Every structure is written in structure tokens, then in C-alpha cells.
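As stored in query.txt (compact mmCIF, C-alpha atoms):
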# COMPACT_ATOMS: atom_id res chain seq x y z
CA MET A 105 17.69 141.57 -104.82
CA GLY A 106 18.21 145.24 -103.92
CA LYS A 107 20.89 147.55 -105.20
CA PRO A 108 24.43 146.22 -104.72
CA ILE A 109 26.77 147.79 -102.16
CA LYS A 110 29.12 150.22 -103.90
CA VAL A 111 32.69 150.01 -102.59
CA LEU A 112 35.75 152.21 -103.13
CA VAL A 113 39.08 150.48 -102.39
CA VAL A 114 41.93 152.68 -101.13
CA ASP A 115 45.38 151.09 -100.70
CA ASP A 116 48.86 152.01 -101.94
CA SER A 117 49.71 148.39 -102.85
CA ALA A 118 48.58 147.43 -106.36
CA LEU A 119 48.58 143.75 -105.33
CA VAL A 120 46.37 144.37 -102.28
CA ARG A 121 43.99 146.54 -104.32
CA GLN A 122 43.62 143.82 -106.93
CA THR A 123 43.15 141.11 -104.30
CA LEU A 124 40.48 143.14 -102.50
CA ILE A 125 38.71 143.90 -105.77
CA GLU A 126 38.62 140.22 -106.69
CA ILE A 127 37.34 139.23 -103.24
CA LEU A 128 34.61 141.87 -103.25
CA LYS A 129 33.55 141.12 -106.83
CA SER A 130 33.04 137.47 -105.86
CA ASP A 131 29.95 138.54 -103.92
CA PRO A 132 26.91 139.34 -106.11
CA ASP A 133 25.66 141.93 -103.61
CA ILE A 134 28.83 144.04 -103.87
CA THR A 135 30.19 146.12 -106.73
CA VAL A 136 33.57 147.88 -106.75
CA VAL A 137 33.09 151.40 -108.12
CA GLY A 138 36.71 152.44 -107.99
CA ALA A 139 40.19 152.00 -106.55
CA ALA A 140 42.77 154.55 -105.43
CA ALA A 141 46.44 154.35 -104.45
CA ASP A 142 46.21 157.04 -101.76
CA PRO A 143 43.69 159.38 -100.08
CA LEU A 144 44.27 162.26 -102.51
CA ALA A 145 43.43 159.98 -105.44
CA ALA A 146 40.43 158.74 -103.44
CA ALA A 147 39.22 162.32 -102.99
CA GLU A 148 39.27 162.72 -106.77
CA LYS A 149 37.24 159.52 -107.14
CA LEU A 150 34.68 160.81 -104.63
CA ARG A 151 33.95 163.72 -106.96
CA GLU A 152 32.79 161.18 -109.55
CA VAL A 153 30.98 158.59 -107.44
CA VAL A 154 29.65 158.27 -103.88
CA PRO A 155 30.30 154.76 -102.56
CA ASP A 156 28.31 153.09 -99.81
CA VAL A 157 31.52 151.82 -98.16
CA ILE A 158 35.24 152.65 -98.36
CA THR A 159 37.97 150.16 -97.54
CA LEU A 160 40.95 152.16 -96.31
CA ASP A 161 44.58 151.40 -95.54
CA ILE A 162 46.33 153.45 -92.83
CA GLU A 163 49.94 153.61 -94.01
CA MET A 164 49.98 155.40 -97.38
CA PRO A 165 51.99 158.08 -99.18
CA ARG A 166 50.98 161.76 -99.57
CA MET A 167 48.33 161.47 -96.83
CA ASP A 168 47.91 158.79 -94.16
CA GLY A 169 44.62 156.95 -93.75
CA LEU A 170 43.82 158.45 -90.35
CA THR A 171 44.05 162.03 -91.63
CA PHE A 172 41.82 161.14 -94.56
CA LEU A 173 39.36 159.39 -92.24
CA ARG A 174 39.04 162.44 -89.99
CA LYS A 175 38.46 164.74 -92.95
CA LEU A 176 35.95 162.35 -94.49
CA MET A 177 33.90 161.88 -91.31
CA SER A 178 33.77 165.61 -90.63
CA GLN A 179 32.84 166.64 -94.17
CA HIS A 180 31.02 163.75 -95.83
CA PRO A 181 30.54 160.71 -93.56
CA ILE A 182 30.73 157.38 -95.38
CA PRO A 183 31.12 154.00 -93.62
CA VAL A 184 34.80 153.05 -93.59
CA VAL A 185 36.38 149.62 -93.13
CA ILE A 186 40.04 149.87 -92.13
CA CYS A 187 42.01 147.17 -93.95
CA SER A 188 45.55 147.33 -92.60
CA SER A 189 48.48 145.16 -91.61
CA LEU A 190 48.57 147.23 -88.39
CA ALA A 191 45.44 145.37 -87.28
CA GLU A 192 47.55 142.24 -86.91
CA GLU A 193 49.74 144.00 -84.38
CA GLY A 194 46.92 145.66 -82.45
CA ASP A 195 48.59 149.00 -83.13
CA GLU A 196 47.25 152.03 -81.23
CA THR A 197 46.62 153.68 -84.60
CA THR A 198 43.83 151.22 -85.32
CA PHE A 199 42.07 152.19 -82.07
CA ARG A 200 42.24 155.83 -83.10
CA ALA A 201 40.63 154.87 -86.40
CA LEU A 202 37.66 153.46 -84.48
CA GLU A 203 37.47 156.62 -82.40
CA TYR A 204 37.47 158.72 -85.58
CA GLY A 205 34.48 156.81 -86.93
CA ALA A 206 35.69 153.68 -88.74
CA VAL A 207 33.07 150.94 -88.58
CA GLU A 208 35.27 147.84 -88.82
CA ILE A 209 38.92 146.82 -88.59
CA ILE A 210 40.18 143.88 -90.67
CA THR A 211 43.59 142.56 -91.65
CA LYS A 212 44.85 142.64 -95.21
CA PRO A 213 44.35 139.43 -97.20
CA LYS A 214 47.46 137.30 -97.60
CA VAL A 215 48.45 134.49 -99.87
CA GLY A 216 48.12 131.25 -97.93
CA THR A 217 46.22 128.00 -97.82
CA LYS A 218 42.86 127.65 -99.51
CA GLN A 219 41.14 127.66 -96.10
CA PHE A 220 42.96 130.85 -95.04
CA LEU A 221 41.99 132.65 -98.23
CA GLU A 222 38.38 131.56 -97.91
CA GLU A 223 38.19 132.74 -94.29
CA SER A 224 39.79 136.04 -95.31
CA ARG A 225 37.20 136.42 -98.07
CA ILE A 226 34.35 135.79 -95.61
CA ARG A 227 35.68 138.33 -93.10
CA ILE A 228 36.23 141.05 -95.71
CA ILE A 229 32.82 140.60 -97.32
CA ASP A 230 31.07 140.49 -93.95
CA ALA A 231 32.87 143.65 -92.83
CA VAL A 232 31.70 145.50 -95.94
CA ARG A 233 28.14 144.23 -95.51
CA ALA A 234 28.11 145.33 -91.88
CA ALA A 235 29.52 148.75 -92.75
CA ALA A 236 26.82 149.25 -95.38
CA GLN A 237 24.18 148.78 -92.68
CA ALA A 238 25.86 150.90 -90.01
CA LYS A 239 24.09 154.07 -88.86
CA VAL A 240 26.92 156.30 -90.02
CA ARG A 241 25.74 155.63 -93.59
CA THR A 242 24.04 158.72 -95.05
CA MET A 243 22.01 156.93 -97.71
CA THR A 244 18.65 155.37 -96.92
CA GLY A 245 17.36 151.95 -97.76
CA GLY A 246 19.42 148.82 -98.12
CA ALA A 247 18.91 145.36 -99.47
CA THR A 248 18.46 142.20 -97.49
CA LEU A 249 21.73 140.50 -98.28
CA LYS A 250 22.23 136.82 -98.86
CA VAL A 251 24.26 134.97 -96.26
CA ALA A 252 26.50 132.10 -97.29
CA PRO A 253 26.08 128.71 -95.61
CA LYS A 254 27.67 128.61 -92.18
CA LEU A 255 28.58 126.13 -89.48
CA ASP A 256 26.93 126.22 -86.07
CA ALA A 257 28.49 125.75 -82.65
CA ASP A 258 28.06 121.96 -82.70
CA VAL A 259 31.37 121.67 -84.58
CA ILE A 260 33.12 123.03 -81.48
CA LEU A 261 30.84 121.92 -78.65
CA ALA A 262 30.62 118.36 -79.94
CA LYS A 263 34.29 118.00 -79.04
CA ALA A 264 33.74 119.23 -75.50
CA THR A 265 33.06 116.74 -72.72
CA PRO A 266 29.33 116.89 -71.99
CA GLY A 267 27.78 116.45 -68.59
CA THR A 268 26.30 118.30 -65.65
CA PRO A 269 28.70 119.73 -63.04
CA ASN A 270 28.75 117.75 -59.78
CA PHE A 271 28.86 120.73 -57.44
CA ARG A 272 26.17 123.36 -56.97
CA THR A 273 27.11 127.03 -57.06
CA THR A 274 25.23 130.32 -57.00
CA GLU A 275 28.14 132.34 -58.40
CA LYS A 276 26.98 134.35 -61.41
CA VAL A 277 28.94 134.64 -64.63
CA VAL A 278 28.29 137.21 -67.37
CA LEU A 279 28.74 136.25 -71.03
CA VAL A 280 28.90 139.05 -73.61
CA GLY A 281 28.84 138.96 -77.41
CA ALA A 282 29.43 141.89 -79.80
CA SER A 283 30.55 142.67 -83.35
CA THR A 284 30.31 145.82 -85.49
CA GLY A 285 30.44 148.83 -83.15
CA GLY A 286 31.29 146.55 -80.26
CA THR A 287 34.70 147.98 -79.38
CA GLU A 288 33.22 151.30 -78.30
CA ALA A 289 30.13 149.60 -76.81
CA LEU A 290 32.31 147.36 -74.66
CA LEU A 291 34.31 150.37 -73.49
CA THR A 292 31.10 152.08 -72.35
CA PHE A 293 29.83 148.91 -70.66
CA LEU A 294 33.02 147.85 -68.90
CA GLN A 295 33.87 151.37 -67.71
CA ALA A 296 30.54 151.51 -65.87
CA LEU A 297 31.12 148.31 -63.87
CA PRO A 298 32.20 148.39 -60.21
CA LEU A 299 35.35 146.69 -58.92
CA ASP A 300 33.38 143.81 -57.38
CA CYS A 301 31.31 143.04 -60.48
CA PRO A 302 30.67 139.39 -61.43
CA ALA A 303 33.13 137.55 -63.67
CA ILE A 304 32.76 138.40 -67.36
CA ALA A 305 33.68 136.55 -70.56
CA VAL A 306 33.54 138.50 -73.83
CA VAL A 307 33.52 137.51 -77.49
CA GLN A 308 34.11 140.49 -79.78
CA HIS A 309 34.61 139.82 -83.47
CA MET A 310 38.04 141.27 -84.27
CA PRO A 311 41.31 140.26 -85.95
CA GLU A 312 43.95 137.97 -84.49
CA HIS A 313 46.47 139.80 -82.25
CA PHE A 314 44.17 142.84 -82.07
CA THR A 315 42.40 141.48 -78.98
CA ALA A 316 45.52 141.55 -76.78
CA ALA A 317 46.03 145.26 -77.44
CA PHE A 318 42.29 145.89 -77.09
CA ALA A 319 42.21 144.17 -73.69
CA LYS A 320 45.30 146.07 -72.54
CA ARG A 321 43.72 149.35 -73.61
CA LEU A 322 40.51 148.56 -71.69
CA ASP A 323 42.49 147.47 -68.64
CA GLY A 324 44.14 150.89 -68.51
CA ILE A 325 40.79 152.69 -68.69
CA CYS A 326 38.36 150.56 -66.65
CA ARG A 327 38.21 150.02 -62.89
CA ILE A 328 37.98 146.26 -63.39
CA HIS A 329 40.83 144.10 -64.69
CA VAL A 330 40.61 143.23 -68.39
CA LYS A 331 42.84 140.70 -70.16
CA GLU A 332 42.96 138.59 -73.27
CA ALA A 333 41.86 135.09 -72.29
CA ALA A 334 44.31 132.20 -72.19
CA ASP A 335 43.32 128.56 -72.08
CA ASN A 336 42.18 127.48 -68.57
CA ASP A 337 42.00 131.05 -67.20
CA THR A 338 39.72 131.22 -64.15
CA LEU A 339 36.78 133.59 -64.32
CA LEU A 340 37.12 135.96 -61.35
CA ARG A 341 34.99 138.72 -59.88
CA GLY A 342 36.15 142.14 -61.00
CA GLN A 343 37.69 140.77 -64.20
CA ALA A 344 36.71 140.48 -67.86
CA LEU A 345 38.32 137.97 -70.22
CA ILE A 346 38.35 138.84 -73.93
CA ALA A 347 38.41 135.91 -76.37
CA PRO A 348 41.57 135.96 -78.51
CA GLY A 349 41.03 136.89 -82.15
CA SER A 350 40.89 133.78 -84.36
CA LYS A 351 40.27 131.43 -81.37
CA HIS A 352 37.00 130.11 -79.98
CA MET A 353 36.33 130.56 -76.26
CA LEU A 354 34.10 128.22 -74.26
CA LEU A 355 32.89 128.49 -70.69
CA LYS A 356 33.77 125.40 -68.62
CA ARG A 357 33.31 124.44 -64.98
CA SER A 358 35.34 122.35 -62.58
CA GLY A 359 33.56 121.97 -59.25
CA THR A 360 32.56 125.51 -58.29
CA ARG A 361 35.27 127.09 -60.46
CA TYR A 362 34.37 128.62 -63.81
CA HIS A 363 37.15 128.79 -66.35
CA VAL A 364 37.53 129.19 -70.11
CA GLU A 365 38.75 126.85 -72.80
CA VAL A 366 40.46 128.57 -75.73
CA LYS A 367 40.74 126.43 -78.84
CA ASP A 368 41.09 126.34 -82.61
CA GLY A 369 38.33 125.28 -84.95
CA PRO A 370 36.44 126.27 -88.08
CA LEU A 371 34.43 129.47 -88.43
CA VAL A 372 31.12 129.16 -86.55
CA SER A 373 28.26 131.37 -87.71
CA ARG A 374 30.94 132.83 -90.04
CA HIS A 375 33.14 133.87 -87.10
CA ARG A 376 36.05 132.78 -84.93
CA PRO A 377 35.67 133.54 -82.09
CA SER A 378 31.94 132.88 -82.20
CA VAL A 379 29.39 134.25 -79.75
CA ASP A 380 27.27 131.11 -80.27
CA VAL A 381 30.13 128.92 -79.03
CA LEU A 382 30.47 130.96 -75.82
CA PHE A 383 26.72 131.23 -75.21
CA ARG A 384 25.97 127.57 -75.85
CA SER A 385 28.77 126.50 -73.52
CA GLY A 386 27.28 128.93 -71.00
CA ALA A 387 23.91 127.19 -71.26
CA ARG A 388 25.64 123.86 -70.66
CA TYR A 389 27.93 124.75 -67.78
CA ALA A 390 26.33 127.75 -66.03
CA GLY A 391 22.61 127.45 -66.76
CA LYS A 392 20.57 129.71 -64.49
CA ASN A 393 23.76 131.21 -63.05
CA ALA A 394 24.56 132.80 -66.40
CA VAL A 395 23.68 136.30 -67.54
CA GLY A 396 23.90 136.88 -71.29
CA VAL A 397 24.42 140.19 -73.06
CA ILE A 398 24.15 140.60 -76.83
CA MET A 399 25.40 143.90 -78.24
CA THR A 400 25.65 145.73 -81.55
CA GLY A 401 26.67 143.73 -84.61
CA MET A 402 25.54 142.42 -87.97
CA GLY A 403 24.25 138.90 -88.54
CA ASP A 404 22.87 136.32 -86.14
CA ASP A 405 25.90 135.01 -84.24
CA GLY A 406 24.76 134.43 -80.68
CA ALA A 407 21.02 134.15 -81.36
CA LYS A 408 20.82 130.35 -81.07
CA GLY A 409 23.17 130.26 -78.12
CA MET A 410 21.26 132.96 -76.28
CA ARG A 411 18.03 131.00 -76.74
CA GLU A 412 19.73 127.92 -75.28
CA MET A 413 20.89 130.01 -72.31
CA PHE A 414 17.34 131.32 -71.87
CA ASP A 415 15.94 127.77 -71.94
CA ALA A 416 18.52 126.77 -69.32
CA GLY A 417 17.31 129.54 -66.99
CA ALA A 418 19.79 132.33 -67.76
CA TYR A 419 18.82 136.01 -67.67
CA ASN A 420 19.54 137.66 -71.02
CA ILE A 421 19.85 141.30 -72.08
CA ALA A 422 19.88 142.75 -75.59
CA GLN A 423 21.17 146.22 -76.49
CA ASP A 424 18.36 148.31 -77.95
CA GLU A 425 18.24 149.47 -81.56
CA ALA A 426 18.69 153.17 -80.79
CA SER A 427 22.10 152.63 -79.16
CA CYS A 428 23.39 150.03 -81.66
CA VAL A 429 25.62 150.80 -84.63
CA VAL A 430 24.04 147.74 -86.29
CA PHE A 431 20.98 146.12 -84.67
CA GLY A 432 21.36 142.75 -86.42
CA MET A 433 22.66 140.49 -83.63
CA PRO A 434 20.37 141.80 -80.86
CA GLN A 435 17.41 141.74 -83.24
CA GLU A 436 18.02 138.10 -84.18
CA ALA A 437 18.38 137.11 -80.51
CA ILE A 438 15.06 138.82 -79.77
CA LYS A 439 13.42 137.03 -82.71
CA HIS A 440 14.68 133.69 -81.38
CA GLY A 441 12.89 134.36 -78.09
CA GLY A 442 16.02 134.28 -75.96
CA VAL A 443 15.96 137.79 -74.48
CA ASN A 444 14.49 138.83 -71.11
CA LYS A 445 15.12 142.56 -71.42
CA VAL A 446 15.98 145.06 -74.19
CA MET A 447 17.68 148.22 -72.99
CA PRO A 448 20.06 151.08 -73.91
CA LEU A 449 23.78 150.40 -73.79
CA THR A 450 24.31 152.87 -70.94
CA ALA A 451 21.84 151.00 -68.70
CA ILE A 452 23.24 147.48 -69.12
CA ALA A 453 26.01 147.65 -66.48
CA ALA A 454 23.57 148.72 -63.75
CA GLU A 455 21.18 145.93 -64.76
CA ILE A 456 24.02 143.40 -64.52
CA VAL A 457 24.83 144.57 -60.99
CA ARG A 458 21.16 144.39 -59.99
CA VAL A 459 20.60 140.91 -61.39
CA CYS A 460 23.80 139.49 -59.91
CA LYS A 461 23.23 140.67 -56.36
CA ASP A 462 23.27 137.77 -53.90
Go through the file and emit its structure as C-alpha cells.
Amino acid sequence: MGKPIKVLVVDDSALVRQTLIEILKSDPDITVVGAAADPLAAAEKLREVVPDVITLDIEMPRMDGLTFLRKLMSQHPIPVVICSSLAEEGDETTFRALEYGAVEIITKPKVGTKQFLEESRIRIIDAVRAAAQAKVRTMTGGATLKVAPKLDADVILAKATPGTPNFRTTEKVVLVGASTGGTEALLTFLQALPLDCPAIAVVQHMPEHFTAAFAKRLDGICRIHVKEAADNDTLLRGQALIAPGSKHMLLKRSGTRYHVEVKDGPLVSRHRPSVDVLFRSGARYAGKNAVGVIMTGMGDDGAKGMREMFDAGAYNIAQDEASCVVFGMPQEAIKHGGVNKVMPLTAIAAEIVRVCKD
């Protein structure tokens, strides 16, 4: 095993700091090198130790997290994971944190059921792991980290009604998966699409409630319509549906109409929503009429599903390493043999338009 990931925890709540420390210490590949109650105390800690990752709250005394983040990224860039209750509300402040250079946004852990706490632990640890591998990191090297056992998309798809659609259609549908770095990647991609682009369904790993604000923000910037998906929403040309945080989204088909099913379920490939769930449903219900896109992110969510889409005749695109914040998800999809083309983020929209021409 390589060197453990060194983490500095910054939060004004003593209870949250202790909870985060306990969660992070439960992973053998992570070590907590310090904790601070506010950014000024964190600055003092940084004189003593240089962490690989900082977890940072936004609302704190003496100096807010955003101000500290801007100073940090301009003077001594270190990967930052925002851990804030504002993420639950999809507050505009959290979007500014991403613009200022934060790698991930997660919600604060809460006391709840055993399942809730375990899912919270998985999300926090995965966010720190992803941040440690992000390109913003100034230190070289990095260990290959162990991944805990995970469920695959069968736990969701097995409950779906199987079968081949009765009506033929040539209408294309675009299925997109992204994680770490994906919020800015999706902005670049969706902004470049024309008004008459094919229907798009997106899974982006992000907290519950955050996706509604994210979709609203994109809708105000992009030419196409963007909304958080609701169960049974029809996929329409010139529109992108974003899977709700903490819900799985499946592609379904009724006659010639594509629509989405939004449902609860366990974490799949350590995530909910899961890219694998969307992609594997795409292989089942769209086949050769599907176009898959796998973007920046850590881990392998989407790799199996993209291969199934490929085998069903879909055309699949992977974002290239140079334009990814973390190349993990595209790299795994390529390794699984499910990718037709690897290309820069800025070229993907034009390729979608080309492929989907009648």
C-alpha cells in the first residue's frame, strides 16, 4: 500500500469535526493530520503540515469558507472537498465554491439509521479519495486505493420489466455519466449544444437537493432546456434531464416514446444515482439508438453499463485524460472495451450532433 492520504478537517462544529475524523480514520488509506475550527486556525495548521486534501465548511466564524478557498487556490492550491449543510439546499454559494476550485461537494454527516450513516461514510471517503487524485493536487505520485465491495446495477434493473420494445424508432437518445469535475464539464458540454439537439439524460454524482439547483443554473445558461428529472418525464429534443441526487434514473421506452424512471434503491457501484444503472437501461431500451458519454470522475461507475451499450450497438464517447479532472471513469470504460471514440471535452458536443444527424 502507498502512502495514506493526509486530510485536514476544517469545520466550526466540534461534533461535525469529530464525526468526520472518525469516518475518515475508518479507512486505512486515509490519515487525519489535523482539525481546525475556522480558516484562520486552518492557516496556522498549514504552517505545520501540508495535507493532500482539505475538507472545508462554508459557514464559519472569523472567515467564511469561500474566502479561505479563494486565498488557498491562489496561493497554495490543495484539493478541497466542501462539506456543508448548504449542499442539501443547492445554495448558490456551493456553485461558487466549485468555480473557485473545490473538487467535490458533499453534505455533512448526520445521525440517522445505520444504512444512512454507512452511505454517508462511503460518500465522504470516496470524495476524499477522488480529491486526492484530482489534477489540482500539487504533489506527485499516489497510491492505488482499495475499493470496498459494491453492488452492481442488477439490484435496480432486476426490478424493471424486461423485454424488447414493440415499436421501431430511429430517434437517438444521449446518455451521459460524470462525477468529480463533472459539474463544470457538463456546463461546457451542454452550453455547446444547439437548440435542436437530441434528448439527453444525465447522471452526475452529487448530493440530494443539489441537483435541482444545478439543473436550474444550467437552464439559465444553456440554449437547451435543462431540468431535474421527475419520474415518467419524457425525453425531448432540445432538453437535458438531470438525475435527482440520491435517486437512480433509468431509461425506459413506451412505443416510440423514451422516458425516465426515477426510483429509490441501494448504492450501485458506490453511488446513487449510478451511471451504470442509466447506461445498462440504455442498452436494454435504446440499443443502437443510444449514444453514451462518460466524463471525468473517479472509480468505475458506468464502465460495465457502457460496455453493454456498446454490445447493443450504441456509439460511445469517453472524455480524454488531458481534459479530465480525474480520468478514472473514462479510463475504466476504455479498459472494458465499451468506447468508440476518446476526445477532448470541448469536442464532444459537435461529435454528438454529427452522430445523431438523421
Handout entry: Expected answer as a PyMOL selection string: all residues with atoms within 12 Å of (31.6, 163.2, -95.9), all atoms listed in the file
Key = chain A and resi 147+150-151+154-158+172-184+205+240-243
Create the file for the chosen residues now, containing C-alpha atoms and written as a PDB file, keeping the file's coordinate frame.
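Generated file (part07.pdb):
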ATOM      1  CA  ALA A 147      39.220 162.320-102.990  1.00  0.00           C
ATOM      2  CA  LEU A 150      34.680 160.810-104.630  1.00  0.00           C
ATOM      3  CA  ARG A 151      33.950 163.720-106.960  1.00  0.00           C
ATOM      4  CA  VAL A 154      29.650 158.270-103.880  1.00  0.00           C
ATOM      5  CA  PRO A 155      30.300 154.760-102.560  1.00  0.00           C
ATOM      6  CA  ASP A 156      28.310 153.090 -99.810  1.00  0.00           C
ATOM      7  CA  VAL A 157      31.520 151.820 -98.160  1.00  0.00           C
ATOM      8  CA  ILE A 158      35.240 152.650 -98.360  1.00  0.00           C
ATOM      9  CA  PHE A 172      41.820 161.140 -94.560  1.00  0.00           C
ATOM     10  CA  LEU A 173      39.360 159.390 -92.240  1.00  0.00           C
ATOM     11  CA  ARG A 174      39.040 162.440 -89.990  1.00  0.00           C
ATOM     12  CA  LYS A 175      38.460 164.740 -92.950  1.00  0.00           C
ATOM     13  CA  LEU A 176      35.950 162.350 -94.490  1.00  0.00           C
ATOM     14  CA  MET A 177      33.900 161.880 -91.310  1.00  0.00           C
ATOM     15  CA  SER A 178      33.770 165.610 -90.630  1.00  0.00           C
ATOM     16  CA  GLN A 179      32.840 166.640 -94.170  1.00  0.00           C
ATOM     17  CA  HIS A 180      31.020 163.750 -95.830  1.00  0.00           C
ATOM     18  CA  PRO A 181      30.540 160.710 -93.560  1.00  0.00           C
ATOM     19  CA  ILE A 182      30.730 157.380 -95.380  1.00  0.00           C
ATOM     20  CA  PRO A 183      31.120 154.000 -93.620  1.00  0.00           C
ATOM     21  CA  VAL A 184      34.800 153.050 -93.590  1.00  0.00           C
ATOM     22  CA  GLY A 205      34.480 156.810 -86.930  1.00  0.00           C
ATOM     23  CA  VAL A 240      26.920 156.300 -90.020  1.00  0.00           C
ATOM     24  CA  ARG A 241      25.740 155.630 -93.590  1.00  0.00           C
ATOM     25  CA  THR A 242      24.040 158.720 -95.050  1.00  0.00           C
ATOM     26  CA  MET A 243      22.010 156.930 -97.710  1.00  0.00           C
TER      27      MET A 243
END
Exercise for the section: Using only C-alpha atoms, pick whichever of A:Ile398, A:Leu279, A:Leu382, A:Met410 has the shortest atom-to-atom distance to A:Ile304. Expected result: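 Counting only C-alpha atoms, the residue closest to A:Ile304 is A:Leu279.
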Practice task
Enter the distance from atom CA of A:Asp161 to atom CA of A:Ile210, in Å, rounded to one decimal.
Solution key: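 Calculated distance between atom CA of A:Asp161 and atom CA of A:Ile210 is 10.0 Å.
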Handout entry: Distance of atom CA of A:Lys356 from atom CA of A:Asp300, expressed in Å to one decimal place
Key =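 Separation between atom CA of A:Asp300 and atom CA of A:Lys356: 21.6 Å.
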Problem - Long-range neighbours of A:Leu190 as a PyMOL selection string, 12 Å cut-off, only C-alpha atoms, 4 positions minimum in chain - result: chain A and resi 161-163+169+186+194-201+209-212+311-314+317
Please produce a file of those selected residues containing C-alpha atoms, as a PDB file, in the coordinates of the input.
ATOM      1  CA  ASP A 161      44.580 151.400 -95.540  1.00  0.00           C
ATOM      2  CA  ILE A 162      46.330 153.450 -92.830  1.00  0.00           C
ATOM      3  CA  GLU A 163      49.940 153.610 -94.010  1.00  0.00           C
ATOM      4  CA  GLY A 169      44.620 156.950 -93.750  1.00  0.00           C
ATOM      5  CA  ILE A 186      40.040 149.870 -92.130  1.00  0.00           C
ATOM      6  CA  GLY A 194      46.920 145.660 -82.450  1.00  0.00           C
ATOM      7  CA  ASP A 195      48.590 149.000 -83.130  1.00  0.00           C
ATOM      8  CA  GLU A 196      47.250 152.030 -81.230  1.00  0.00           C
ATOM      9  CA  THR A 197      46.620 153.680 -84.600  1.00  0.00           C
ATOM     10  CA  THR A 198      43.830 151.220 -85.320  1.00  0.00           C
ATOM     11  CA  PHE A 199      42.070 152.190 -82.070  1.00  0.00           C
ATOM     12  CA  ARG A 200      42.240 155.830 -83.100  1.00  0.00           C
ATOM     13  CA  ALA A 201      40.630 154.870 -86.400  1.00  0.00           C
ATOM     14  CA  ILE A 209      38.920 146.820 -88.590  1.00  0.00           C
ATOM     15  CA  ILE A 210      40.180 143.880 -90.670  1.00  0.00           C
ATOM     16  CA  THR A 211      43.590 142.560 -91.650  1.00  0.00           C
ATOM     17  CA  LYS A 212      44.850 142.640 -95.210  1.00  0.00           C
ATOM     18  CA  PRO A 311      41.310 140.260 -85.950  1.00  0.00           C
ATOM     19  CA  GLU A 312      43.950 137.970 -84.490  1.00  0.00           C
ATOM     20  CA  HIS A 313      46.470 139.800 -82.250  1.00  0.00           C
ATOM     21  CA  PHE A 314      44.170 142.840 -82.070  1.00  0.00           C
ATOM     22  CA  ALA A 317      46.030 145.260 -77.440  1.00  0.00           C
TER      23      ALA A 317
END
Practice task
Please provide the set of residues having any atom within 12 Å of A:Ile452, restricted to all atoms listed in the file, with same-chain residues fewer than 4 positions apart removed, written as a list in words.
Solution key: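 Contacts, in chain order: Val278, Val280, Ala289, Leu290, Thr292, Phe293, Leu294, Gln295, Ala296, Leu297, Val395, Gly396, Val397, Ile398, Met399, Asn420, Ile421, Ala422, Gln423, Asp424, Ser427, Lys445, Val446, Met447, Pro448, Ile456, Val457, Arg458 and Val459 of chain A.
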Practice task
Mind giving me the straight-line distance from atom CA of A:Ser358 to atom CA of A:Ala344 in Å, one decimal?
Solution key: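 Value for the atom CA of A:Ser358-atom CA of A:Ala344 distance: 18.9 Å.
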Exercise for the section: Pick out the closest residue to A:Tyr419 from this set: A:Leu354, A:Ala387, A:Ala141, A:Met402. Count all atoms listed in the file. Expected result: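 Closest to A:Tyr419, using all atoms listed in the file: A:Ala387.
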